[in-house]
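J.: The following file, input-v2.cif, comprises mmCIF, C-alpha atoms and all ligand atoms:
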data_coords
#
loop_
_atom_site.label_atom_id
_atom_site.label_comp_id
_atom_site.auth_asym_id
_atom_site.auth_seq_id
_atom_site.Cartn_x
_atom_site.Cartn_y
_atom_site.Cartn_z
CA MET A 1 -8.57 -5.46 -20.45
CA ASN A 2 -6.46 -8.64 -20.32
CA PHE A 3 -6.03 -10.62 -17.12
CA HIS A 4 -2.49 -9.35 -16.50
CA SER A 5 -3.42 -5.68 -16.79
CA GLN A 6 -5.93 -6.31 -13.98
CA VAL A 7 -3.10 -5.96 -11.45
CA CYS A 8 -2.75 -2.18 -11.84
CA GLN A 9 -6.48 -1.35 -11.58
CA PRO A 10 -8.60 -4.48 -11.01
CA THR A 11 -12.16 -4.15 -12.29
CA GLY A 12 -15.08 -6.46 -13.08
CA VAL A 13 -15.11 -10.23 -12.65
CA GLN A 14 -11.51 -10.66 -13.78
CA GLY A 15 -10.43 -7.92 -11.39
CA ILE A 16 -12.17 -9.60 -8.47
CA MET A 17 -10.51 -12.91 -9.37
CA MET A 18 -7.14 -11.15 -9.54
CA ALA A 19 -7.75 -9.45 -6.17
CA ARG A 20 -8.63 -12.81 -4.55
CA HIS A 21 -5.38 -14.15 -5.89
CA MET A 22 -3.48 -11.12 -4.54
CA ASN A 23 -5.12 -11.36 -1.11
CA ALA A 24 -3.89 -14.96 -0.89
CA ASN A 25 -0.48 -14.21 -2.42
CA HIS A 26 0.31 -11.24 -0.18
CA ARG A 27 -0.65 -13.01 3.06
CA GLY A 28 2.78 -14.47 3.84
CA MET A 29 4.59 -11.22 3.09
CA MET A 30 2.15 -9.28 5.28
CA GLU A 31 2.61 -11.74 8.17
CA TRP A 32 6.36 -11.26 7.87
CA ALA A 33 6.00 -7.46 7.65
CA LEU A 34 3.73 -7.34 10.71
CA ASP A 35 6.42 -9.16 12.69
CA HIS A 36 8.67 -6.15 11.98
CA LEU A 37 6.18 -3.37 12.66
CA GLU A 38 4.88 -1.75 15.84
CA VAL A 39 1.24 -1.11 14.88
CA SER A 40 -0.59 -1.00 18.22
CA ASN A 41 -0.37 2.83 18.24
CA PHE A 42 -1.94 3.25 14.77
CA ARG A 43 -5.21 5.21 15.04
CA GLU A 44 -6.18 6.69 11.63
CA VAL A 45 -4.87 4.61 8.76
CA LEU A 46 -5.10 5.43 5.07
CA ASP A 47 -4.67 2.22 3.04
CA ALA A 48 -3.60 3.74 -0.30
CA GLY A 49 -4.33 1.33 -3.17
CA CYS A 50 -6.20 -1.03 -0.85
CA GLY A 51 -7.18 -3.45 -3.65
CA GLY A 52 -9.19 -6.43 -2.39
CA GLY A 53 -8.58 -5.56 1.28
CA GLY A 54 -6.59 -8.63 2.36
CA PRO A 55 -3.59 -6.75 3.80
CA MET A 56 -5.97 -4.36 5.60
CA SER A 57 -7.72 -7.28 7.31
CA GLN A 58 -4.36 -8.59 8.57
CA LEU A 59 -3.26 -5.15 9.76
CA SER A 60 -6.58 -4.37 11.47
CA ARG A 61 -6.35 -7.51 13.59
CA LYS A 62 -3.02 -6.28 14.99
CA ALA A 63 -4.21 -2.67 15.36
CA PRO A 64 -7.56 -3.03 17.14
CA ASN A 65 -7.81 0.68 17.98
CA ALA A 66 -7.31 1.90 14.43
CA LYS A 67 -9.87 3.27 11.99
CA PHE A 68 -9.25 2.59 8.31
CA THR A 69 -9.84 4.50 5.10
CA GLY A 70 -9.44 2.29 2.05
CA LEU A 71 -8.61 4.29 -1.07
CA ASP A 72 -8.44 2.89 -4.57
CA LEU A 73 -9.01 3.88 -8.20
CA SER A 74 -11.35 0.92 -8.66
CA ARG A 75 -14.93 0.89 -7.33
CA ASP A 76 -14.95 -2.92 -7.49
CA MET A 77 -11.91 -3.04 -5.21
CA LEU A 78 -13.58 -0.72 -2.70
CA ARG A 79 -16.64 -3.01 -2.63
CA MET A 80 -14.42 -6.03 -2.14
CA THR A 81 -12.46 -4.29 0.65
CA SER A 82 -15.75 -3.61 2.47
CA LYS A 83 -16.81 -7.26 2.12
CA VAL A 84 -13.47 -8.74 3.11
CA ASN A 85 -13.37 -6.37 6.10
CA ALA A 86 -17.07 -6.66 6.98
CA SER A 87 -16.38 -6.96 10.71
CA ILE A 88 -14.54 -3.62 11.02
CA PHE A 89 -17.03 -2.04 8.60
CA LYS A 90 -19.88 -3.02 10.95
CA GLU A 91 -17.93 -1.60 13.89
CA GLY A 92 -17.71 1.75 12.09
CA ARG A 93 -13.95 1.41 11.70
CA LEU A 94 -13.85 1.37 7.91
CA ARG A 95 -14.81 3.76 5.15
CA THR A 96 -13.87 3.49 1.50
CA VAL A 97 -13.07 6.38 -0.82
CA ARG A 98 -12.55 6.31 -4.55
CA GLY A 99 -9.54 8.37 -5.56
CA SER A 100 -5.93 8.52 -6.61
CA VAL A 101 -2.70 9.10 -4.77
CA SER A 102 -2.11 11.90 -7.31
CA SER A 103 -4.58 14.09 -5.48
CA LEU A 104 -5.76 12.66 -2.19
CA PRO A 105 -9.25 13.90 -1.27
CA PHE A 106 -8.29 14.59 2.36
CA ARG A 107 -7.18 17.60 4.40
CA ASN A 108 -3.60 18.04 5.56
CA GLY A 109 -2.82 15.92 8.61
CA SER A 110 -5.87 13.64 8.38
CA PHE A 111 -4.03 10.39 9.20
CA ASP A 112 -1.27 9.14 11.47
CA THR A 113 -0.44 6.28 9.09
CA VAL A 114 -0.37 5.86 5.35
CA PHE A 115 -0.09 2.18 4.45
CA ALA A 116 0.82 1.15 0.89
CA CYS A 117 1.11 -2.55 0.13
CA GLU A 118 2.15 -3.72 -3.34
CA THR A 119 0.88 -0.58 -5.04
CA THR A 120 3.62 2.04 -5.58
CA TYR A 121 4.76 0.19 -8.74
CA PHE A 122 1.68 1.64 -10.45
CA TRP A 123 1.64 5.18 -9.08
CA PRO A 124 1.81 7.75 -11.87
CA ASP A 125 4.51 10.00 -10.34
CA LEU A 126 5.97 8.33 -7.30
CA GLN A 127 7.94 11.34 -6.03
CA GLU A 128 4.91 13.66 -6.20
CA ASN A 129 2.56 10.96 -4.89
CA LEU A 130 4.79 10.42 -1.85
CA LYS A 131 4.56 14.18 -1.17
CA GLU A 132 0.76 13.81 -1.26
CA CYS A 133 1.03 10.99 1.30
CA ARG A 134 3.23 13.19 3.49
CA ARG A 135 0.72 16.06 3.22
CA VAL A 136 -2.16 14.02 4.68
CA LEU A 137 -0.05 12.76 7.61
CA THR A 138 0.15 14.32 11.08
CA GLU A 139 3.44 15.18 12.75
CA GLY A 140 4.55 12.05 14.58
CA GLY A 141 2.99 9.92 11.85
CA ARG A 142 4.48 7.46 9.41
CA MET A 143 4.24 5.99 5.95
CA VAL A 144 4.56 2.20 5.72
CA MET A 145 5.42 0.53 2.43
CA VAL A 146 5.29 -3.27 2.08
CA GLN A 147 6.45 -4.75 -1.21
CA GLU A 148 7.59 -8.01 -2.69
CA ALA A 149 9.94 -6.36 -5.18
CA TRP A 150 12.61 -3.74 -5.58
CA ASP A 151 15.19 -3.07 -8.25
CA ALA A 152 18.45 -4.97 -7.65
CA PRO A 153 20.74 -7.06 -9.88
CA GLN A 154 19.51 -10.38 -8.43
CA TRP A 155 15.85 -9.51 -9.26
CA ARG A 156 16.38 -7.80 -12.60
CA GLU A 157 15.34 -10.68 -14.87
CA ARG A 158 12.18 -11.37 -12.89
CA ASN A 159 11.41 -7.64 -12.61
CA GLU A 160 11.72 -7.17 -16.38
CA TYR A 161 9.22 -10.00 -16.85
CA TRP A 162 6.81 -8.37 -14.38
CA GLN A 163 7.38 -4.97 -15.91
CA LYS A 164 6.40 -6.27 -19.35
CA GLY A 165 3.50 -8.40 -18.10
CA PHE A 166 2.03 -6.12 -15.46
CA ASN A 167 3.42 -2.68 -16.37
CA MET A 168 5.12 -2.37 -12.97
CA ARG A 169 7.92 0.09 -12.18
CA PHE A 170 10.64 -0.69 -9.66
CA CYS A 171 13.17 1.43 -7.75
CA SER A 172 16.16 0.37 -5.70
CA LEU A 173 15.82 0.54 -1.92
CA GLU A 174 18.11 3.59 -1.92
CA GLU A 175 15.91 5.31 -4.49
CA TYR A 176 12.76 4.67 -2.44
CA GLU A 177 14.48 5.96 0.70
CA ASP A 178 15.78 9.02 -1.12
CA MET A 179 12.36 9.83 -2.56
CA LEU A 180 10.75 9.53 0.87
CA LEU A 181 13.28 11.96 2.36
CA ARG A 182 12.75 14.37 -0.55
CA ALA A 183 9.00 14.10 0.02
CA GLY A 184 9.52 15.54 3.52
CA PHE A 185 9.87 12.46 5.70
CA THR A 186 12.58 12.77 8.34
CA GLU A 187 13.76 9.21 8.90
CA VAL A 188 13.43 5.95 6.97
CA VAL A 189 13.92 2.45 8.37
CA THR A 190 14.02 -0.52 6.01
CA VAL A 191 13.88 -4.24 6.76
CA THR A 192 14.41 -6.78 3.97
CA GLU A 193 13.77 -10.46 3.50
CA GLU A 194 16.56 -11.20 1.04
CA GLU A 195 15.54 -14.70 -0.03
CA ARG A 196 12.06 -13.78 -1.16
CA GLY A 197 12.85 -10.17 -2.00
CA TRP A 198 10.32 -8.61 0.36
CA PHE A 199 10.78 -5.34 2.19
CA VAL A 200 9.02 -3.15 4.70
CA MET A 201 9.95 0.54 4.81
CA VAL A 202 8.77 2.93 7.51
CA ALA A 203 9.21 6.65 6.93
CA GLY A 204 8.53 8.93 9.87
CA THR A 205 7.34 12.53 9.94
CA GLU A 206 8.69 15.26 12.22
CA GLY A 207 8.14 14.42 15.90
CA ASN A 208 8.39 10.68 15.45
C1 LIG B 301 -1.38 -4.94 -6.92
S1 LIG B 301 -2.82 -4.21 -6.26
C2 LIG B 301 -2.48 -4.32 -4.50
C3 LIG B 301 -3.70 -4.25 -3.66
C4 LIG B 301 -3.50 -4.42 -2.15
N1 LIG B 301 -2.83 -3.31 -1.54
C5 LIG B 301 -2.78 -5.68 -1.85
O1 LIG B 301 -1.61 -5.66 -1.44
O2 LIG B 301 -3.36 -6.77 -2.05
C6 LIG B 301 -2.56 -2.49 -6.58
C7 LIG B 301 -3.76 -1.61 -6.25
O3 LIG B 301 -3.35 -0.24 -6.34
C8 LIG B 301 -4.41 0.49 -6.93
N2 LIG B 301 -3.86 1.70 -7.56
C9 LIG B 301 -3.07 1.78 -8.67
N3 LIG B 301 -2.77 3.05 -8.95
C10 LIG B 301 -3.38 3.81 -8.00
C11 LIG B 301 -3.47 5.22 -7.77
N4 LIG B 301 -2.88 6.10 -8.58
N5 LIG B 301 -4.17 5.64 -6.68
C12 LIG B 301 -4.80 4.75 -5.88
N6 LIG B 301 -4.77 3.41 -6.06
C13 LIG B 301 -4.08 2.95 -7.11
C14 LIG B 301 -5.02 -0.48 -7.95
O4 LIG B 301 -6.33 -0.12 -8.34
C15 LIG B 301 -4.93 -1.80 -7.22
O5 LIG B 301 -6.10 -2.09 -6.50
#
Please go through the file and, once you have read it, give me the structure as structure tokens.

T.:
Amino acid sequence: MNFHSQVCQPTGVQGIMMARHMNANHRGMMEWALDHLEVSNFREVLDAGCGGGGPMSQLSRKAPNAKFTGLDLSRDMLRMTSKVNASIFKEGRLRTVRGSVSSLPFRNGSFDTVFACETTYFWPDLQENLKECRRVLTEGGRMVMVQEAWDAPQWRERNEYWQKGFNMRFCSLEEYEDMLLRAGFTEVVTVTEEERGWFVMVAGTEGN
């Protein structure tokens, strides 16, 4: 596996190095996103594609009453998430589960929040995978997506470079919103940071 392909499923030493890099790189975007999110009412959070656990550690500090389930394809990422989040692990607020968003190993309505940071680019069938996320959410819950990229004319050149290098797939904001609604979410709110190209999207379930 070359270093670049480590972004979509980081494993081994190179994967851990890549995840350290991502934890540092995503920090600013997560700080910005947290300024636009009300997270104090989060209780049961599924971090889908948790990677090295940096975004989870930022979120957990703002949501002190929440329990976290970190899910990832990569065992090495789950280990790293537990280390990076050792304090909430010790408090019994973190478990890690190996799995895919294609078939989440959880019962319907297990979580009030599905959090997905910088990961949907790699999901095998985004429309179906969003339906899976909806399935495991309670009524009154929400899905939160935080990303540093979407498809738009001003980002196309950079996105093509990332697509080739990292095998990432991008949708426009309208396409993401449309897919979320088709997946069964009832309302979608999007905030963008136009200069850097970041966005946070919150999709609510019935009763929100
Ligand atoms: C770019 S990393 C982002 C990690 C972390 N959320 C962050 O923002 O730093 C993408 C992560 O998504 C995971 N991933 C990719 N496809 C997945 C799938 N189908 N199901 C679950 N996780 C997946 C990868 O293993 C990787 O750890």

J.: Grab me every residue within 7 Å of ligand LIG 301 (chain B), counting only C-alpha atoms and all ligand atoms, and send it over as an MDAnalysis selection string.

T.: chainID A and resid 7:10 19 22:23 26 48:55 71:74 77 99:102 116:119 122:124

J.: Looking at A:Met168, A:Met145, A:Leu94, A:Val13, which one is nearest to A:Val191, with distances taken over only C-alpha atoms?

T.: A:Met145

J.: Which one of A:Ser103, A:Gln58, A:Ser110, A:Thr69 sits closest to A:Thr138 if you count only C-alpha atoms?

T.: A:Ser110

J.: For atom CA of A:Gly141 and atom CA of A:Gly28, quote the distance in Å rounded to one decimal.

T.: 25.7 Å

J.: Skipping near chain neighbours, those fewer than 6 positions away, what residues fall within 8 Å of stretch 128-134 of chain A using only C-alpha atoms, listed as JSON, numbers by chain?

T.: {"A": [101, 102, 103, 104, 114, 143, 179, 180, 183, 184, 185, 205]}

J.: Anything within 7 Å of (12.2, -2.7, 4.7): list those residues as a PyMOL selection string, counting only C-alpha atoms and sticking to the file's coordinates.

T.: chain A and resi 189-192+199-201

J.: Please compute the atom CA of A:Asn65-atom CA of A:Val45 distance, one decimal, in Å.

T.: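 Here the two named atoms are 10.4 Å from each other.
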
J.: Would you work out the distance separating atom CA of A:Leu46 from atom CA of A:Trp162, expressed in Å to one decimal?

T.: 26.7 Å

J.: For A:Asn167, which residue among A:Arg196, A:Gln6, A:Ala33, A:Val97 is the nearest when counting all atoms listed in the file?

T.: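 Comparing A:Arg196, A:Gln6, A:Ala33, A:Val97 against A:Asn167, the winner is A:Gln6.
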
J.: Given the choices A:Leu173, A:Thr113, A:Glu31, A:Ile16, which gets closest to A:Thr81 if the distance is worked out from all atoms listed in the file?

T.: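 So, comparing all the options, the nearest one is A:Ile16.
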
J.: Within 12 Å of (11.9, 2.0, -10.3) in the file's own coordinates, which protein, DNA or RNA residues have an atom, counting all atoms listed in the file? List them as a ChimeraX atom specification.

T.: /A:120-127,149-152,156,159-160,163,167-177,179

J.: Go ahead and fit an axis-aligned box to every listed atom of stretch 63-68 of chain A plus 8 Å each side, and pass me the centre and edge lengths in Å, one decimal, as AutoDock Vina command-line options.

T.:
--center_x -7.0 --center_y 0.1 --center_z 13.1 --size_x 21.7 --size_y 22.3 --size_z 25.7
